[in-house]
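Undergrad: Please read through the structure below; I'll follow up with questions.
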Amino acid sequence: MTLNEVTALGSLTVAAVAIAAAVLHLLAGTAAGVLVTVMALLAAAVAAVGCWLVRHAVARALQPVERLRAELVAAADAEPGARVGVPATGDDVERLAGRVNLLLDRLEISAAQRRAFIADASHELRTPLAGLRTRIELALDDPDDGDLADNLEHALDDVERLHRIVEDLFVLARLDSGDLPERRRLDLGALVESEVAGRTSAVPVTVKAESGIMVMGNRSRLARVLMNLLSNAERYAVARIEIQARAVGEEAVVEVHDDGPGIPPDARERVFERFARLDAARSRDKGGSGLGLPLARQIAIAHGGTLYVANGTYGARLVLRLPLAPDPP
Ligand SMILES: Nc1ncnc2c1ncn2[C@@H]1O[C@H](COP(=O)(O)OP(=O)(O)OP(=O)(O)O)[C@@H](O)[C@H]1O
Ligand SMILES: [Mg+2]
């Protein structure tokens, strides 16, 4: 209710009381029944006018909200980019309209990301599927062809690539929904050692891992992070890979450093986007699908940690940071 309307209602009440007092004075000598009836009529009149004023005031106060609602309904059916008007009233309605537009921005960004993701995923799956189909057709066309074994081997490569992409997408979807398998106290330094020992790299790999860097983690997911970082380093390294695992303050820090072409500063966040590959030609030669780093970062985040590309004087330096596990009781 506005100030004017409150003042009007107050004045009306005062007037009614004044009239009532005057009437009382006039009817001082009349019967009590008549007096009560006049008073009741007056009270009813004041109440009716008061109700009307309140309804009117509420309807007026809700007008901007109603306008906002109508604009929102129209925006839902309009082209992307439609927004509600923000009145410069400096009140809650202005703030609400601002929030609504912010929400519409976010919804549009997330819808665009989803569309891009589906397009990228379909494209990535289409390539090995097409390869697989060609191999099978060739084998069926001429089953006695001496290349059959070769064809099947290539078909198996395509199946493996498909399997890897689908598996990565599955793990990403589970991480997106906040699902992280059971975590236990584990020694990250020992895990680094065992992951490196289990690989054969074309370039020498140096490992400096402290023991007893305890974190609360899921072994297979963390092994996956290390595997993705190591396979990238192996893919791009020219002559060496250096790996360090140590405790720094409250964190366990693992660095994977190679002496390859490195990741330019302006691409250091982009490489964590799903299906992002920096140099399309180079990556196609090297055969990655662009899910390794996004997956590794999601796992790091699910463990309360971070994964990023750090500055370095040469090559690429990927850094994983995880909170150290508290000492057991
Ligand atoms: N150590 C590195 N040196 C140089 N570039 C790198 C390195 N690691 C990643 N990149 C760049 O970042 C991109 C994304 O890496 P990511 O691991 O996510 O995908 P990928 O290796 O191409 O494919 P996938 O890991 O799914 O097999 C790579 O395609 C490459 O362009
Ligand atoms: Mg990779």
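Following the order of the structure tokens, chains are lettered A, B, ..., residues in each are numbered from 1, and ligands are numbered from 1.
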Return as a ChimeraX atom specification every polymer residue, whether protein, DNA or RNA, with at least one atom no more than 12 Å from an atom of ligand 2; count only C-alpha atoms and all ligand atoms.

TA: /A:164-165,168,224-236,271-278,283-284,286-297,318

Undergrad: For range 192-198 of chain A, find every residue with an atom within 8 Å (counting only C-alpha atoms), except residues of its own chain fewer than 2 positions away, and show them as a PyMOL selection string.

TA: chain A and resi 188-190+200+207+209+223+226-227+230+245

Undergrad: How would the residues just picked look written out with N, CA, C and O atoms as a PDB file, in the first residue's frame?

TA:
```
ATOM      1  N   LEU A 188      49.740 -41.425  -2.808  1.00  0.00           N
ATOM      2  CA  LEU A 188      49.742 -40.935  -4.189  1.00  0.00           C
ATOM      3  C   LEU A 188      51.118 -41.135  -4.836  1.00  0.00           C
ATOM      4  O   LEU A 188      51.215 -41.453  -6.027  1.00  0.00           O
ATOM      5  N   GLY A 189      52.194 -40.993  -4.028  1.00  0.00           N
ATOM      6  CA  GLY A 189      53.547 -41.192  -4.565  1.00  0.00           C
ATOM      7  C   GLY A 189      53.715 -42.618  -5.071  1.00  0.00           C
ATOM      8  O   GLY A 189      54.236 -42.848  -6.175  1.00  0.00           O
ATOM      9  N   ALA A 190      53.218 -43.578  -4.271  1.00  0.00           N
ATOM     10  CA  ALA A 190      53.342 -44.991  -4.664  1.00  0.00           C
ATOM     11  C   ALA A 190      52.504 -45.260  -5.915  1.00  0.00           C
ATOM     12  O   ALA A 190      52.914 -46.031  -6.801  1.00  0.00           O
ATOM     13  N   THR A 200      55.320 -48.491 -21.047  1.00  0.00           N
ATOM     14  CA  THR A 200      56.584 -48.451 -21.778  1.00  0.00           C
ATOM     15  C   THR A 200      56.555 -47.190 -22.631  1.00  0.00           C
ATOM     16  O   THR A 200      55.663 -47.020 -23.454  1.00  0.00           O
ATOM     17  N   VAL A 207      61.236 -40.244 -12.537  1.00  0.00           N
ATOM     18  CA  VAL A 207      60.208 -40.075 -11.498  1.00  0.00           C
ATOM     19  C   VAL A 207      60.866 -39.707 -10.173  1.00  0.00           C
ATOM     20  O   VAL A 207      61.804 -40.383  -9.739  1.00  0.00           O
ATOM     21  N   ALA A 209      59.310 -39.353  -6.657  1.00  0.00           N
ATOM     22  CA  ALA A 209      58.055 -39.401  -5.894  1.00  0.00           C
ATOM     23  C   ALA A 209      58.352 -39.617  -4.420  1.00  0.00           C
ATOM     24  O   ALA A 209      59.016 -40.589  -4.050  1.00  0.00           O
ATOM     25  N   ALA A 223      44.327 -43.324 -10.823  1.00  0.00           N
ATOM     26  CA  ALA A 223      45.238 -43.962 -11.786  1.00  0.00           C
ATOM     27  C   ALA A 223      44.879 -43.487 -13.192  1.00  0.00           C
ATOM     28  O   ALA A 223      45.757 -43.280 -14.041  1.00  0.00           O
ATOM     29  N   LEU A 226      46.436 -40.100 -13.842  1.00  0.00           N
ATOM     30  CA  LEU A 226      47.869 -40.223 -14.133  1.00  0.00           C
ATOM     31  C   LEU A 226      48.089 -40.813 -15.525  1.00  0.00           C
ATOM     32  O   LEU A 226      48.939 -40.350 -16.281  1.00  0.00           O
ATOM     33  N   MET A 227      47.269 -41.806 -15.869  1.00  0.00           N
ATOM     34  CA  MET A 227      47.407 -42.433 -17.182  1.00  0.00           C
ATOM     35  C   MET A 227      47.168 -41.408 -18.290  1.00  0.00           C
ATOM     36  O   MET A 227      47.911 -41.340 -19.270  1.00  0.00           O
ATOM     37  N   LEU A 230      50.119 -39.050 -18.433  1.00  0.00           N
ATOM     38  CA  LEU A 230      51.307 -39.726 -18.971  1.00  0.00           C
ATOM     39  C   LEU A 230      51.171 -39.985 -20.462  1.00  0.00           C
ATOM     40  O   LEU A 230      52.117 -39.800 -21.217  1.00  0.00           O
ATOM     41  N   ALA A 245      56.220 -36.100  -7.513  1.00  0.00           N
ATOM     42  CA  ALA A 245      55.071 -36.173  -6.596  1.00  0.00           C
ATOM     43  C   ALA A 245      55.586 -35.776  -5.226  1.00  0.00           C
ATOM     44  O   ALA A 245      56.550 -36.356  -4.724  1.00  0.00           O
TER      45      ALA A 245
END
```

Undergrad: Taking the backbone alone, and naming residues the way the document does, which bits of range 57-299 of chain A are strand (DSSP E or B) by DSSP, as an MDAnalysis selection string?

TA: chainID A and resid 184:187 205:209 214:217 241:248 251:258

Undergrad: Could you save the residues just selected, with C-alpha atoms, as a PDB file, in the first residue's frame?

TA:
```pdb
ATOM      1  CA  ARG A 184      40.252 -44.750   0.703  1.00  0.00           C
ATOM      2  CA  ARG A 185      43.486 -43.460   2.147  1.00  0.00           C
ATOM      3  CA  LEU A 186      46.166 -44.107  -0.427  1.00  0.00           C
ATOM      4  CA  ASP A 187      49.746 -43.152  -1.095  1.00  0.00           C
ATOM      5  CA  VAL A 205      60.838 -41.009 -17.891  1.00  0.00           C
ATOM      6  CA  THR A 206      62.323 -39.686 -14.630  1.00  0.00           C
ATOM      7  CA  VAL A 207      60.208 -40.075 -11.498  1.00  0.00           C
ATOM      8  CA  LYS A 208      60.823 -38.295  -8.199  1.00  0.00           C
ATOM      9  CA  ALA A 209      58.055 -39.401  -5.894  1.00  0.00           C
ATOM     10  CA  MET A 214      48.459 -39.778   1.663  1.00  0.00           C
ATOM     11  CA  VAL A 215      45.227 -38.670   0.035  1.00  0.00           C
ATOM     12  CA  MET A 216      41.620 -39.832   0.294  1.00  0.00           C
ATOM     13  CA  GLY A 217      41.011 -41.125  -3.186  1.00  0.00           C
ATOM     14  CA  ILE A 241      59.424 -36.725 -19.347  1.00  0.00           C
ATOM     15  CA  GLU A 242      59.858 -35.696 -15.715  1.00  0.00           C
ATOM     16  CA  ILE A 243      57.379 -36.618 -13.026  1.00  0.00           C
ATOM     17  CA  GLN A 244      57.366 -35.316  -9.484  1.00  0.00           C
ATOM     18  CA  ALA A 245      55.071 -36.173  -6.596  1.00  0.00           C
ATOM     19  CA  ARG A 246      55.457 -34.308  -3.302  1.00  0.00           C
ATOM     20  CA  ALA A 247      53.568 -32.806  -0.407  1.00  0.00           C
ATOM     21  CA  VAL A 248      53.373 -29.016  -0.402  1.00  0.00           C
ATOM     22  CA  GLU A 251      48.349 -30.573  -0.608  1.00  0.00           C
ATOM     23  CA  ALA A 252      49.719 -33.481  -2.584  1.00  0.00           C
ATOM     24  CA  VAL A 253      51.186 -32.134  -5.824  1.00  0.00           C
ATOM     25  CA  VAL A 254      51.958 -34.216  -8.906  1.00  0.00           C
ATOM     26  CA  GLU A 255      53.668 -32.633 -11.914  1.00  0.00           C
ATOM     27  CA  VAL A 256      54.017 -34.224 -15.319  1.00  0.00           C
ATOM     28  CA  HIS A 257      56.476 -32.263 -17.429  1.00  0.00           C
ATOM     29  CA  ASP A 258      57.462 -33.093 -20.999  1.00  0.00           C
TER      30      ASP A 258
END
```

Undergrad: Can you tell me, as a ChimeraX atom specification, what residues are no more than 8 Å from range 300-309 of chain A when counting only C-alpha atoms, ignoring any on the same chain fewer than 3 positions away?

TA: /A:175,178,180,216-217,222,225,263,268-269,296-297,316-323

Undergrad: Take the residues from that selection and write them out as a compact mmCIF listing (two decimals), in the first residue's frame, keeping N, CA and C atoms.

TA:
```txt
# COMPACT_ATOMS: atom_id res chain seq x y z
N LEU A 175 30.56 -38.67 -13.25
CA LEU A 175 31.18 -37.61 -12.45
C LEU A 175 30.29 -36.37 -12.44
N GLY A 178 27.78 -36.30 -9.93
CA GLY A 178 28.29 -36.27 -8.55
C GLY A 178 28.62 -37.65 -8.01
N LEU A 180 31.05 -40.51 -7.30
CA LEU A 180 32.47 -40.90 -7.24
C LEU A 180 32.55 -42.19 -6.43
N MET A 216 42.84 -39.01 0.30
CA MET A 216 41.62 -39.83 0.29
C MET A 216 41.17 -39.90 -1.16
N GLY A 217 41.32 -41.09 -1.76
CA GLY A 217 41.01 -41.13 -3.19
C GLY A 217 40.51 -42.47 -3.65
N LEU A 222 42.06 -42.17 -9.79
CA LEU A 222 43.31 -41.39 -9.75
C LEU A 222 44.34 -41.99 -10.70
N VAL A 225 43.66 -40.54 -14.00
CA VAL A 225 44.21 -39.18 -14.17
C VAL A 225 45.68 -39.29 -14.60
N ILE A 263 51.81 -26.22 -24.40
CA ILE A 263 50.43 -25.76 -24.62
C ILE A 263 50.46 -24.23 -24.50
N ARG A 268 45.34 -22.77 -22.44
CA ARG A 268 45.53 -23.58 -21.23
C ARG A 268 44.24 -23.96 -20.53
N GLU A 269 43.17 -23.25 -20.82
CA GLU A 269 41.85 -23.65 -20.29
C GLU A 269 41.10 -24.45 -21.34
N ALA A 296 40.23 -36.05 -16.67
CA ALA A 296 41.19 -35.99 -15.57
C ALA A 296 40.84 -34.83 -14.63
N ARG A 297 40.45 -33.69 -15.21
CA ARG A 297 40.13 -32.54 -14.35
C ARG A 297 38.87 -32.82 -13.53
N ALA A 316 55.26 -28.95 -21.92
CA ALA A 316 53.99 -28.82 -21.19
C ALA A 316 54.18 -29.30 -19.76
N ARG A 317 53.63 -28.52 -18.81
CA ARG A 317 53.75 -28.90 -17.39
C ARG A 317 52.34 -28.96 -16.81
N LEU A 318 51.86 -30.19 -16.59
CA LEU A 318 50.52 -30.39 -16.05
C LEU A 318 50.63 -30.64 -14.55
N VAL A 319 49.81 -29.95 -13.77
CA VAL A 319 49.93 -30.06 -12.31
C VAL A 319 48.61 -30.52 -11.70
N LEU A 320 48.70 -31.59 -10.93
CA LEU A 320 47.53 -32.11 -10.20
C LEU A 320 47.72 -31.79 -8.72
N ARG A 321 46.72 -31.18 -8.09
CA ARG A 321 46.79 -30.88 -6.65
C ARG A 321 45.60 -31.52 -5.95
N LEU A 322 45.88 -32.27 -4.90
CA LEU A 322 44.80 -32.90 -4.14
C LEU A 322 45.01 -32.61 -2.65
N PRO A 323 43.94 -32.46 -1.89
CA PRO A 323 44.13 -32.24 -0.46
C PRO A 323 44.74 -33.48 0.21
```

Undergrad: Given the choices A:Leu191, A:Leu102, A:Ser122, A:Arg270, which gets closest to ligand 1 if the distance is worked out from only C-alpha atoms and all ligand atoms?

TA: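 Counting only C-alpha atoms and all ligand atoms, the residue closest to ligand 1 is A:Arg270.
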
Undergrad: Please, what distance in Å, to one decimal, runs between CA of Pro326 in chain A and CA of Glu210 in chain A?

TA: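 About the pair CA of Pro326 in chain A and CA of Glu210 in chain A: they are 17.3 Å apart.
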
Undergrad: I'd like the contact shell of range 80-91 of chain A - 10 Å cut-off, only C-alpha atoms, skipping same-chain residues fewer than 5 positions apart - returned as JSON, numbers by chain.

TA: {"A": [64, 67, 68, 69, 70, 71, 72, 73, 74, 75, 96, 97, 98, 99, 100, 101, 102, 104, 105, 108]}

Undergrad: Taking only C-alpha atoms into account, name the residue in A:Ala45, A:Pro204, A:Arg221, A:Ala32 that is nearest to Leu172 in chain A.

TA: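 Checking each candidate against Leu172 in chain A, we get A:Arg221 as the closest.
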
Undergrad: Taking only C-alpha atoms into account, name the residue in A:Gly131, A:Asp145, A:Ala121, A:Ala78 that is nearest to Phe170 in chain A.

TA: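 Closest residue, counting only C-alpha atoms: A:Ala121.
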
Undergrad: Looking at only C-alpha atoms, which of A:Asn311, A:Val93, A:Ala130, A:Ala202 is the one that sits closest to Ala61 in chain A?

TA: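 Using only C-alpha atoms, the shortest distance to Ala61 in chain A belongs to A:Val93.
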
Undergrad: Rounded to one decimal, what separation in Å do you get between CA of Ala325 in chain A and CA of Glu250 in chain A?

TA: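 About the pair CA of Ala325 in chain A and CA of Glu250 in chain A: they are 8.7 Å apart.
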
Undergrad: Identify which of the residues A:Pro328, A:Ile299, A:Pro128, A:Asp259 lies closest to Thr313 in chain A, counting only C-alpha atoms when measuring atom-to-atom distances.

TA: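 Among the listed residues, A:Asp259 lies closest to Thr313 in chain A.
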
Undergrad: Hey, which of A:Gly315, A:Pro181, A:Pro265, A:Gly33 ends up closest to ligand 1? Count only C-alpha atoms and all ligand atoms.

TA: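 Counting only C-alpha atoms and all ligand atoms, the residue closest to ligand 1 is A:Gly315.
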